[in-house]
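Here is final12.cif, consisting of mmCIF, C-alpha atoms and all ligand atoms:
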data_final
loop_
_atom_site.group_PDB
_atom_site.id
_atom_site.type_symbol
_atom_site.label_atom_id
_atom_site.label_comp_id
_atom_site.auth_asym_id
_atom_site.auth_seq_id
_atom_site.Cartn_x
_atom_site.Cartn_y
_atom_site.Cartn_z
ATOM 1 C CA MET A 1 68.452 -22.980 8.737
ATOM 2 C CA LYS A 2 67.695 -20.628 11.596
ATOM 3 C CA LEU A 3 66.764 -22.317 14.840
ATOM 4 C CA VAL A 4 65.783 -21.026 18.249
ATOM 5 C CA LEU A 5 66.285 -23.287 21.264
ATOM 6 C CA ILE A 6 63.940 -22.739 24.181
ATOM 7 C CA GLY A 7 64.177 -24.514 27.501
ATOM 8 C CA ALA A 8 64.608 -23.893 31.205
ATOM 9 C CA PRO A 9 68.141 -23.644 32.574
ATOM 10 C CA ALA A 10 69.573 -27.214 32.591
ATOM 11 C CA ALA A 11 66.934 -28.571 30.176
ATOM 12 C CA GLY A 12 69.746 -29.821 27.933
ATOM 13 C CA LYS A 13 69.832 -27.107 25.285
ATOM 14 C CA GLY A 14 73.644 -27.163 25.050
ATOM 15 C CA THR A 15 73.717 -30.907 24.440
ATOM 16 C CA GLN A 16 71.096 -30.698 21.689
ATOM 17 C CA ALA A 17 72.861 -27.718 20.155
ATOM 18 C CA ARG A 18 76.103 -29.718 19.840
ATOM 19 C CA LYS A 19 74.239 -32.548 18.109
ATOM 20 C CA LEU A 20 72.482 -30.121 15.760
ATOM 21 C CA ILE A 21 75.775 -28.446 14.839
ATOM 22 C CA ALA A 22 77.317 -31.825 13.994
ATOM 23 C CA ARG A 23 74.317 -32.853 11.859
ATOM 24 C CA TYR A 24 73.475 -29.622 10.069
ATOM 25 C CA GLY A 25 76.681 -27.537 10.123
ATOM 26 C CA LEU A 26 75.126 -24.596 11.928
ATOM 27 C CA ALA A 27 76.818 -21.918 13.994
ATOM 28 C CA TYR A 28 76.038 -21.985 17.716
ATOM 29 C CA ILE A 29 75.150 -18.688 19.312
ATOM 30 C CA SER A 30 74.781 -18.875 23.075
ATOM 31 C CA THR A 31 74.135 -15.406 24.392
ATOM 32 C CA GLY A 32 74.811 -16.687 27.933
ATOM 33 C CA ASP A 33 78.282 -17.932 26.935
ATOM 34 C CA MET A 34 78.989 -14.690 25.082
ATOM 35 C CA LEU A 35 77.993 -12.644 28.128
ATOM 36 C CA ARG A 36 80.081 -14.824 30.453
ATOM 37 C CA GLU A 37 83.085 -14.280 28.154
ATOM 38 C CA GLU A 38 82.582 -10.537 28.455
ATOM 39 C CA VAL A 39 82.399 -10.876 32.232
ATOM 40 C CA ALA A 40 85.622 -12.916 32.269
ATOM 41 C CA LYS A 41 87.336 -10.304 30.074
ATOM 42 C CA LYS A 42 86.098 -7.629 32.504
ATOM 43 C CA SER A 43 84.996 -5.491 29.533
ATOM 44 C CA GLU A 44 82.675 -2.570 30.169
ATOM 45 C CA LEU A 45 79.748 -4.679 29.015
ATOM 46 C CA GLY A 46 80.990 -7.540 31.201
ATOM 47 C CA LEU A 47 81.085 -5.418 34.325
ATOM 48 C CA ASN A 48 77.545 -4.185 33.660
ATOM 49 C CA VAL A 49 76.305 -7.713 33.156
ATOM 50 C CA LYS A 50 78.036 -9.280 36.155
ATOM 51 C CA SER A 51 75.795 -8.090 38.961
ATOM 52 C CA VAL A 52 72.614 -8.791 36.978
ATOM 53 C CA MET A 53 73.589 -12.386 36.226
ATOM 54 C CA ALA A 54 74.773 -13.122 39.779
ATOM 55 C CA SER A 55 71.292 -12.352 41.102
ATOM 56 C CA GLY A 56 69.553 -14.524 38.483
ATOM 57 C CA GLY A 57 68.169 -11.502 36.624
ATOM 58 C CA LEU A 58 68.339 -10.784 32.904
ATOM 59 C CA VAL A 59 70.395 -8.404 30.811
ATOM 60 C CA SER A 60 68.576 -5.649 28.895
ATOM 61 C CA ASP A 61 67.077 -6.331 25.440
ATOM 62 C CA GLU A 62 69.146 -3.605 23.802
ATOM 63 C CA MET A 63 72.400 -5.123 25.038
ATOM 64 C CA ILE A 64 71.541 -8.655 23.884
ATOM 65 C CA ILE A 65 70.146 -7.588 20.502
ATOM 66 C CA ALA A 66 73.275 -5.562 19.752
ATOM 67 C CA ILE A 67 75.431 -8.598 20.540
ATOM 68 C CA VAL A 68 73.335 -10.957 18.386
ATOM 69 C CA LYS A 69 73.197 -8.508 15.487
ATOM 70 C CA GLU A 70 77.005 -8.412 15.300
ATOM 71 C CA ARG A 71 77.412 -12.143 15.845
ATOM 72 C CA ILE A 72 75.156 -13.294 12.978
ATOM 73 C CA LYS A 73 77.206 -11.228 10.514
ATOM 74 C CA GLU A 74 80.152 -13.580 11.024
ATOM 75 C CA ASP A 75 81.155 -16.114 8.338
ATOM 76 C CA ASP A 76 80.241 -19.237 10.284
ATOM 77 C CA CYS A 77 76.587 -18.158 10.254
ATOM 78 C CA LYS A 78 76.254 -18.446 6.465
ATOM 79 C CA ASN A 79 74.656 -21.929 6.614
ATOM 80 C CA GLY A 80 72.434 -20.846 9.461
ATOM 81 C CA PHE A 81 72.630 -20.830 13.218
ATOM 82 C CA ILE A 82 71.160 -21.998 16.476
ATOM 83 C CA LEU A 83 70.220 -19.358 18.999
ATOM 84 C CA ASP A 84 70.417 -20.469 22.635
ATOM 85 C CA GLY A 85 69.290 -18.064 25.327
ATOM 86 C CA PHE A 86 67.868 -15.574 22.827
ATOM 87 C CA PRO A 87 65.137 -14.563 22.208
ATOM 88 C CA ARG A 88 63.883 -14.932 25.763
ATOM 89 C CA THR A 89 60.829 -12.741 25.463
ATOM 90 C CA VAL A 90 58.187 -11.911 22.851
ATOM 91 C CA VAL A 91 59.689 -8.429 22.527
ATOM 92 C CA GLN A 92 63.070 -9.981 21.705
ATOM 93 C CA ALA A 93 61.439 -12.458 19.281
ATOM 94 C CA LYS A 94 59.846 -9.591 17.370
ATOM 95 C CA LYS A 95 63.222 -7.809 17.249
ATOM 96 C CA LEU A 96 64.752 -11.013 15.902
ATOM 97 C CA ASP A 97 62.070 -11.232 13.194
ATOM 98 C CA GLU A 98 62.955 -7.672 12.184
ATOM 99 C CA LEU A 99 66.615 -8.647 12.045
ATOM 100 C CA ILE A 100 66.469 -11.942 10.084
ATOM 101 C CA GLY A 101 62.926 -12.453 8.804
ATOM 102 C CA ASN A 102 61.329 -15.737 9.843
ATOM 103 C CA ILE A 103 63.068 -18.442 11.802
ATOM 104 C CA ASP A 104 62.721 -22.049 10.578
ATOM 105 C CA LYS A 105 61.876 -23.664 13.885
ATOM 106 C CA ALA A 106 61.647 -22.897 17.578
ATOM 107 C CA ILE A 107 62.543 -26.050 19.488
ATOM 108 C CA TYR A 108 61.120 -26.105 22.991
ATOM 109 C CA ILE A 109 62.654 -28.664 25.354
ATOM 110 C CA ASN A 110 60.015 -28.967 28.048
ATOM 111 C CA ALA A 111 60.849 -30.396 31.492
ATOM 112 C CA PRO A 112 59.505 -30.047 35.047
ATOM 113 C CA ASP A 113 61.021 -27.469 37.422
ATOM 114 C CA GLU A 114 61.887 -29.965 40.202
ATOM 115 C CA VAL A 115 64.132 -31.937 37.870
ATOM 116 C CA MET A 116 65.709 -28.780 36.420
ATOM 117 C CA LEU A 117 66.454 -27.453 39.911
ATOM 118 C CA GLU A 118 68.144 -30.732 40.840
ATOM 119 C CA ARG A 119 70.299 -30.524 37.715
ATOM 120 C CA ILE A 120 71.146 -26.834 38.147
ATOM 121 C CA THR A 121 72.374 -27.191 41.718
ATOM 122 C CA ALA A 122 74.406 -30.289 40.749
ATOM 123 C CA ARG A 123 76.504 -28.386 38.217
ATOM 124 C CA GLU A 124 80.178 -27.784 38.944
ATOM 125 C CA THR A 125 82.909 -26.183 36.875
ATOM 126 C CA CYS A 126 86.679 -26.035 37.142
ATOM 127 C CA PRO A 127 87.897 -22.451 37.650
ATOM 128 C CA LYS A 128 91.320 -23.368 36.234
ATOM 129 C CA CYS A 129 90.662 -25.344 33.003
ATOM 130 C CA GLY A 130 86.932 -24.726 32.453
ATOM 131 C CA ALA A 131 85.877 -28.394 32.498
ATOM 132 C CA SER A 132 82.262 -28.828 33.578
ATOM 133 C CA TYR A 133 80.645 -31.586 35.606
ATOM 134 C CA ASN A 134 77.305 -32.501 37.092
ATOM 135 C CA LYS A 135 77.135 -34.346 40.424
ATOM 136 C CA ILE A 136 74.165 -36.374 39.108
ATOM 137 C CA ALA A 137 74.777 -36.822 35.391
ATOM 138 C CA ILE A 138 78.524 -36.392 34.819
ATOM 139 C CA PRO A 139 80.303 -36.565 38.201
ATOM 140 C CA SER A 140 84.033 -35.993 38.533
ATOM 141 C CA LYS A 141 86.005 -39.137 39.489
ATOM 142 C CA VAL A 142 86.851 -37.663 42.902
ATOM 143 C CA ALA A 143 84.016 -35.565 44.378
ATOM 144 C CA GLY A 144 84.730 -31.845 44.089
ATOM 145 C CA ILE A 145 88.027 -32.277 42.215
ATOM 146 C CA CYS A 146 88.644 -31.674 38.486
ATOM 147 C CA ASP A 147 89.524 -34.868 36.536
ATOM 148 C CA VAL A 148 91.605 -32.889 34.072
ATOM 149 C CA CYS A 149 93.792 -30.705 36.277
ATOM 150 C CA GLY A 150 93.086 -31.562 39.937
ATOM 151 C CA GLU A 151 91.706 -28.123 40.837
ATOM 152 C CA LYS A 152 88.896 -27.759 43.386
ATOM 153 C CA LEU A 153 85.544 -27.488 41.533
ATOM 154 C CA GLU A 154 83.222 -24.539 42.010
ATOM 155 C CA GLN A 155 79.528 -23.827 41.622
ATOM 156 C CA ARG A 156 78.584 -20.950 39.336
ATOM 157 C CA LYS A 157 76.911 -18.122 41.268
ATOM 158 C CA ASP A 158 73.724 -18.507 39.230
ATOM 159 C CA ASP A 159 73.604 -22.275 39.916
ATOM 160 C CA THR A 160 72.864 -22.002 43.638
ATOM 161 C CA LEU A 161 69.427 -23.163 44.842
ATOM 162 C CA GLU A 162 68.208 -19.611 45.394
ATOM 163 C CA ALA A 163 69.466 -18.250 42.071
ATOM 164 C CA GLY A 164 68.256 -21.427 40.327
ATOM 165 C CA LYS A 165 64.709 -20.896 41.616
ATOM 166 C CA ALA A 166 64.833 -17.259 40.499
ATOM 167 C CA ARG A 167 66.050 -18.287 37.034
ATOM 168 C CA LEU A 168 63.263 -20.848 36.653
ATOM 169 C CA LYS A 169 60.646 -18.301 37.699
ATOM 170 C CA THR A 170 62.073 -15.786 35.242
ATOM 171 C CA PHE A 171 62.080 -18.451 32.552
ATOM 172 C CA HIS A 172 58.396 -19.218 33.062
ATOM 173 C CA ASP A 173 57.312 -15.596 33.322
ATOM 174 C CA GLN A 174 59.119 -14.589 30.139
ATOM 175 C CA SER A 175 59.346 -17.675 27.986
ATOM 176 C CA GLU A 176 55.834 -19.070 28.220
ATOM 177 C CA PRO A 177 54.485 -16.147 26.146
ATOM 178 C CA LEU A 178 57.416 -16.766 23.771
ATOM 179 C CA VAL A 179 56.384 -20.400 23.338
ATOM 180 C CA GLU A 180 52.829 -19.209 22.625
ATOM 181 C CA TYR A 181 54.159 -16.664 20.121
ATOM 182 C CA TYR A 182 56.026 -19.263 18.072
ATOM 183 C CA ASN A 183 53.178 -21.741 18.416
ATOM 184 C CA ALA A 184 50.725 -19.217 16.972
ATOM 185 C CA GLN A 185 53.086 -18.674 14.024
ATOM 186 C CA GLY A 186 53.400 -22.402 13.406
ATOM 187 C CA TYR A 187 57.141 -22.542 14.151
ATOM 188 C CA LEU A 188 57.044 -24.350 17.474
ATOM 189 C CA PHE A 189 58.265 -27.904 17.972
ATOM 190 C CA GLU A 190 57.919 -29.148 21.549
ATOM 191 C CA VAL A 191 59.901 -32.116 22.822
ATOM 192 C CA ASP A 192 59.826 -33.952 26.168
ATOM 193 C CA GLY A 193 63.010 -32.967 28.006
ATOM 194 C CA LEU A 194 63.041 -36.073 30.200
ATOM 195 C CA LYS A 195 63.308 -38.744 27.514
ATOM 196 C CA GLY A 196 67.118 -38.693 27.257
ATOM 197 C CA ALA A 197 69.496 -36.736 25.019
ATOM 198 C CA ASP A 198 69.562 -39.242 22.126
ATOM 199 C CA ASN A 199 65.780 -39.651 22.009
ATOM 200 C CA ILE A 200 65.293 -35.889 22.194
ATOM 201 C CA PHE A 201 67.684 -35.422 19.295
ATOM 202 C CA ASN A 202 65.983 -38.121 17.199
ATOM 203 C CA ASP A 203 62.674 -36.302 17.661
ATOM 204 C CA ILE A 204 64.196 -32.968 16.645
ATOM 205 C CA ALA A 205 66.047 -34.397 13.622
ATOM 206 C CA GLY A 206 62.836 -36.145 12.573
ATOM 207 C CA GLU A 207 61.061 -32.807 12.614
ATOM 208 C CA LEU A 208 63.824 -30.932 10.778
ATOM 209 C CA GLY A 209 64.410 -33.692 8.235
ATOM 210 C CA GLU A 210 67.378 -33.609 5.861
ATOM 211 C CA ARG A 211 67.338 -29.905 5.101
ATOM 212 C CA ALA A 212 70.609 -28.029 5.279
HETATM 213 ZN ZN ZN A 301 90.359 -28.387 35.662
#
Exercise: express the given structure as C-alpha cells:
Amino acid sequence: MKLVLIGAPAAGKGTQARKLIARYGLAYISTGDMLREEVAKKSELGLNVKSVMASGGLVSDEMIIAIVKERIKEDDCKNGFILDGFPRTVVQAKKLDELIGNIDKAIYINAPDEVMLERITARETCPKCGASYNKIAIPSKVAGICDVCGEKLEQRKDDTLEAGKARLKTFHDQSEPLVEYYNAQGYLFEVDGLKGADNIFNDIAGELGERA
C-alpha cells in the first residue's frame, strides 16, 4: 500500500503515520526528518538545505525526488510506505506517479490555520536527547526542561511564529492544488484534523479497510 499524507505543519501527520505503520506494516518516509538528518550530519546536501528550512522555505524538487527515489528502494518499503512531506506540489506528485505508478490513497488531514499556528509555536525539543514536547498537548513536567535528561528545551527555528506563518502560507499555496489533483484522480480521503488522534485514525482505517 502506497500512501501520501497531506496536512499543514502540526496537523498530526506524524501521529497518524505511527498508527498506520503499526496497523499495516508500512515504511515511514518523512522527507522533513531525512533532510533534518542531513543538516545534523552537516553533509553537503544538509548545508544547502539548512538556510532554506530556517526561513520556512522549501527545498528544490530535484533534491527531494532524488532522496525519495533512493529511499523507496530499501527493503522496508516492500510492503508499501507512507510518504510524509512529499509530494508537496502537483509537479512533485506527477514525478511520484512516474516513479511508482499510482498511489493507493492520499490522506488529507484538514485543520484551521489558527489552531495549527498555536500547535507549531508550542513545540519544543531537547537538543541533547531529541525528546519532543508541546507546551499545549504534551508539556514537559517542568516548563522548559527535558523530562528525560534535564537539558533546557529549545524551539526549532522553523517553529517560531514568523516561520510558522510562512510555512502555513507555503502549505496553502502549494498543497491546495495537490489536494485538488488527488481529488480529481479519486485518491483523496479528507479527514477532520480537530477530532482527536484516535478518531482521525479510526476514520482513516475505515477507509483503508483490512488491505495489507
Ligand atoms: Zn533530553
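The contact shell of ligand ZN 301 (chain A), defined as all polymer residues within 10 Å when only C-alpha atoms and all ligand atoms are used, comprises A:Thr125, A:Cys126, A:Pro127, A:Lys128, A:Cys129, A:Gly130, A:Ala131, A:Ser132, A:Ile145, A:Cys146, A:Asp147, A:Val148, A:Cys149, A:Gly150, A:Glu151, A:Lys152, A:Leu153.
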Let's have the selection written as a JSON list (two decimals), in the frame of the given file, with C-alpha atoms.
[["chain", "number", "residue", "atom", "x", "y", "z"],
["A", 125, "THR", "CA", 82.91, -26.18, 36.88],
["A", 126, "CYS", "CA", 86.68, -26.04, 37.14],
["A", 127, "PRO", "CA", 87.90, -22.45, 37.65],
["A", 128, "LYS", "CA", 91.32, -23.37, 36.23],
["A", 129, "CYS", "CA", 90.66, -25.34, 33.00],
["A", 130, "GLY", "CA", 86.93, -24.73, 32.45],
["A", 131, "ALA", "CA", 85.88, -28.39, 32.50],
["A", 132, "SER", "CA", 82.26, -28.83, 33.58],
["A", 145, "ILE", "CA", 88.03, -32.28, 42.22],
["A", 146, "CYS", "CA", 88.64, -31.67, 38.49],
["A", 147, "ASP", "CA", 89.52, -34.87, 36.54],
["A", 148, "VAL", "CA", 91.60, -32.89, 34.07],
["A", 149, "CYS", "CA", 93.79, -30.70, 36.28],
["A", 150, "GLY", "CA", 93.09, -31.56, 39.94],
["A", 151, "GLU", "CA", 91.71, -28.12, 40.84],
["A", 152, "LYS", "CA", 88.90, -27.76, 43.39],
["A", 153, "LEU", "CA", 85.54, -27.49, 41.53]]
Nearest to A:Lys13 among A:Ile107, A:Ala184, A:Leu178, A:Leu96, with distances taken over all atoms listed in the file: which residue is it?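 Looking at the shortest contact to A:Lys13, the residue is A:Ile107.
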Would you pick out the contacts of stretch 74-78 of chain A at 9 Å or less, using only C-alpha atoms, so that residues sharing its chain but fewer than 5 positions from it are not included, and give the list as a PDB file with C-alpha atoms, in the frame of the given file?
ATOM      1  CA  LEU A  26      75.126 -24.596  11.928  1.00  0.00           C
ATOM      2  CA  ALA A  27      76.818 -21.918  13.994  1.00  0.00           C
ATOM      3  CA  TYR A  28      76.038 -21.985  17.716  1.00  0.00           C
TER       4      TYR A  28
END
Report as a JSON list (two decimals) with C-alpha atoms, in the frame of the given file all protein, DNA and RNA residues lying within 12 Å of A:Asn110, evaluated on all atoms listed in the file, omitting residues in the same chain fewer than 2 positions from it.
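The file below, part_1.json, is the result:
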[["chain", "number", "residue", "atom", "x", "y", "z"],
["A", 5, "LEU", "CA", 66.28, -23.29, 21.26],
["A", 6, "ILE", "CA", 63.94, -22.74, 24.18],
["A", 7, "GLY", "CA", 64.18, -24.51, 27.50],
["A", 8, "ALA", "CA", 64.61, -23.89, 31.20],
["A", 9, "PRO", "CA", 68.14, -23.64, 32.57],
["A", 10, "ALA", "CA", 69.57, -27.21, 32.59],
["A", 11, "ALA", "CA", 66.93, -28.57, 30.18],
["A", 12, "GLY", "CA", 69.75, -29.82, 27.93],
["A", 13, "LYS", "CA", 69.83, -27.11, 25.28],
["A", 107, "ILE", "CA", 62.54, -26.05, 19.49],
["A", 108, "TYR", "CA", 61.12, -26.10, 22.99],
["A", 112, "PRO", "CA", 59.50, -30.05, 35.05],
["A", 113, "ASP", "CA", 61.02, -27.47, 37.42],
["A", 115, "VAL", "CA", 64.13, -31.94, 37.87],
["A", 116, "MET", "CA", 65.71, -28.78, 36.42],
["A", 171, "PHE", "CA", 62.08, -18.45, 32.55],
["A", 172, "HIS", "CA", 58.40, -19.22, 33.06],
["A", 175, "SER", "CA", 59.35, -17.68, 27.99],
["A", 176, "GLU", "CA", 55.83, -19.07, 28.22],
["A", 179, "VAL", "CA", 56.38, -20.40, 23.34],
["A", 188, "LEU", "CA", 57.04, -24.35, 17.47],
["A", 189, "PHE", "CA", 58.26, -27.90, 17.97],
["A", 190, "GLU", "CA", 57.92, -29.15, 21.55],
["A", 191, "VAL", "CA", 59.90, -32.12, 22.82],
["A", 192, "ASP", "CA", 59.83, -33.95, 26.17],
["A", 193, "GLY", "CA", 63.01, -32.97, 28.01],
["A", 194, "LEU", "CA", 63.04, -36.07, 30.20],
["A", 195, "LYS", "CA", 63.31, -38.74, 27.51],
["A", 200, "ILE", "CA", 65.29, -35.89, 22.19]]
Test item: the PyMOL selection byres (((chain A and resi 135) around 9) and not hetatm) resolved as an NGL selection string: :A and (119 or 121-124 or 133-134 or 136-140 or 143-144)
Which residue, A:Val59, A:Ala197, A:Ala54, A:Ile82, has the smallest gap to A:Tyr24 when you use only C-alpha atoms? A:Ile82
The PyMOL selection byres (((chain A and resi 30) around 10) and not hetatm) - which residues does that actually catch in the file I just gave you? List them as an MDAnalysis selection string. chainID A and resid 5 13:14 17 27:29 31:36 68 82:86
Output C-alpha atoms for every residue in that selection, as an mmCIF file, in the frame of the given file.
data_model
loop_
_atom_site.group_PDB
_atom_site.id
_atom_site.type_symbol
_atom_site.label_atom_id
_atom_site.label_comp_id
_atom_site.auth_asym_id
_atom_site.auth_seq_id
_atom_site.Cartn_x
_atom_site.Cartn_y
_atom_site.Cartn_z
ATOM 1 C CA LEU A 5 66.285 -23.287 21.264
ATOM 2 C CA LYS A 13 69.832 -27.107 25.285
ATOM 3 C CA GLY A 14 73.644 -27.163 25.050
ATOM 4 C CA ALA A 17 72.861 -27.718 20.155
ATOM 5 C CA ALA A 27 76.818 -21.918 13.994
ATOM 6 C CA TYR A 28 76.038 -21.985 17.716
ATOM 7 C CA ILE A 29 75.150 -18.688 19.312
ATOM 8 C CA THR A 31 74.135 -15.406 24.392
ATOM 9 C CA GLY A 32 74.811 -16.687 27.933
ATOM 10 C CA ASP A 33 78.282 -17.932 26.935
ATOM 11 C CA MET A 34 78.989 -14.690 25.082
ATOM 12 C CA LEU A 35 77.993 -12.644 28.128
ATOM 13 C CA ARG A 36 80.081 -14.824 30.453
ATOM 14 C CA VAL A 68 73.335 -10.957 18.386
ATOM 15 C CA ILE A 82 71.160 -21.998 16.476
ATOM 16 C CA LEU A 83 70.220 -19.358 18.999
ATOM 17 C CA ASP A 84 70.417 -20.469 22.635
ATOM 18 C CA GLY A 85 69.290 -18.064 25.327
ATOM 19 C CA PHE A 86 67.868 -15.574 22.827
#
Size and centre in Å, one decimal, axis-aligned box, all listed stretch 153-168 of chain A atoms plus 8 Å per side, as JSON:
{"center_x": 74.4, "center_y": -22.4, "center_z": 41.0, "size_x": 38.3, "size_y": 26.2, "size_z": 24.7}
Step by step: start from the point (64.5, -22.4, 39.6) in the file's coordinates, keep every protein, DNA or RNA residue that has an atom no farther than 9 Å from it, count only C-alpha atoms, and write the set as a PyMOL selection string. chain A and resi 8-9+113-114+116-117+120+161-171
